[in-house]
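For reference, the structure is listed below as structure tokens.
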Amino acid sequence: MVAVPESHAGWTFITNHARVLAVIADTPNVRIRDIAARCRLTERAVARIISDLEQGGYLSRTRDGRTNSYRIEPDKVLRHPAEAGLSVASLLSVLARAETERIGTPVAP
């Protein structure tokens with residue numbers, strides 16, 4: 001297991017929304033608590049981000065007992081005009097490839 005870096009102040013290259021989406025892509029039935037830990041966010045922030053992603057049509061959530069299962073819409077186009085035409089799947093592909101290179105093991109698509 002790779003050590004989690006210390007907290008960081010200032011700007012970063014990847015948004016929290018992209019981080020949360022990548023964790024969900026890796027584990028569709030992941031708990032908000034686990035997303036928060038992996039992304040170094042609060043559970044409340046993760047819940048807000050998931051709500052944003054749902055409202056934007058990037059993912060849907062189904063309840064299965066006490067757990068949620070998420071489904072990402074891979075063909076949905078990214079929002080910013082600079083990324084016009086790029087899909088969620090292409091973003092997740094880049095992030096998964098980078099994660100594989102970083103930790104040396106394949107990540108689920």
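Naming scheme: A, B, ... for chains in displayed order of the structure tokens; residues 1 onward per chain; ligands 1 onward as shown.
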
Open item on the list: I need the residues in chain A that are alpha helix (DSSP H) according to DSSP; give them as a VMD selection string.
Closed with: chain A and resid 16 to 26 32 to 39 43 to 55 88 to 103

Task: For Arg44 in chain A: contacts at 12 Å, only C-alpha atoms, fewer than 5 positions along chain excluded, given as a PyMOL selection string - done: chain A and resi 32-33+35-37+49-51

Task: Shell of 9 Å around range 73-85 of chain A, only C-alpha atoms, local chain residues under 6 positions omitted, as a PyMOL selection string - done: chain A and resi 57-60+91-92

Deliver the residues from the most recent selection as a file, using C-alpha atoms, as a tab-separated table (two decimals), in the first residue's frame.
```
chain	number	residue	atom	x	y	z
A	57	GLY	CA	-26.13	13.52	-14.95
A	58	TYR	CA	-22.63	12.10	-14.46
A	59	LEU	CA	-23.73	9.32	-12.14
A	60	SER	CA	-26.81	7.73	-10.66
A	91	LEU	CA	-10.95	11.23	-18.07
A	92	LEU	CA	-11.28	8.08	-15.99
```

TODO: Write out as number ranges by chain the residues lying within 9 Å of Val23 in chain A, counting only C-alpha atoms and excluding same-chain residues fewer than 6 positions away.
DONE: A: 30, 35, 38-39

Print the selection's residues with N, CA, C and O atoms to a file, as a tab-separated table (two decimals), in the first residue's frame.
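Result file result_34.tsv:
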```tsv
chain	number	residue	atom	x	y	z
A	30	VAL	N	-18.79	1.72	-3.13
A	30	VAL	CA	-17.95	2.27	-2.07
A	30	VAL	C	-18.78	3.15	-1.13
A	30	VAL	O	-19.74	3.78	-1.54
A	35	ILE	N	-14.71	6.94	0.51
A	35	ILE	CA	-14.37	7.95	-0.51
A	35	ILE	C	-13.67	9.13	0.18
A	35	ILE	O	-12.63	9.61	-0.28
A	38	ARG	N	-10.08	8.25	1.11
A	38	ARG	CA	-9.18	8.18	-0.05
A	38	ARG	C	-8.91	9.53	-0.66
A	38	ARG	O	-7.80	9.80	-1.14
A	39	CYS	N	-9.93	10.40	-0.67
A	39	CYS	CA	-9.79	11.71	-1.30
A	39	CYS	C	-9.32	12.79	-0.31
A	39	CYS	O	-9.10	13.93	-0.72
```

Open item on the list: Nearest residue to Val46 in chain A out of A:Thr27, A:Ser87, A:Asn16, A:Ser69, using only C-alpha atoms?
Closed with: A:Asn16

Open item on the list: When you count only C-alpha atoms, which of these residues is closest to Arg61 in chain A: A:Ile24, A:Ala9, A:Leu86, A:Val94?
Closed with: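 Comparing A:Ile24, A:Ala9, A:Leu86, A:Val94 against Arg61 in chain A, the winner is A:Ile24.
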
TODO: Identify, on the basis of only C-alpha atoms, every residue whose closest approach to Ala22 in chain A does not exceed 8 Å; exclude the query and any residue fewer than 2 positions from it along the same chain; express the result as a PyMOL selection string.
DONE: chain A and resi 18-20+24-26+92+95-96

Task: Test item, strand (DSSP E or B) assignment across range 7-103 of chain A, answer as a ChimeraX atom specification - done: /A:59-64,67-72,77,87

Task: Among listed residues A:Ser90, A:Asn29, A:Leu41, A:Gly56, nearest Tyr70 in chain A (using only C-alpha atoms) - done: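 Among the listed residues, the smallest separation from Tyr70 in chain A belongs to A:Asn29.
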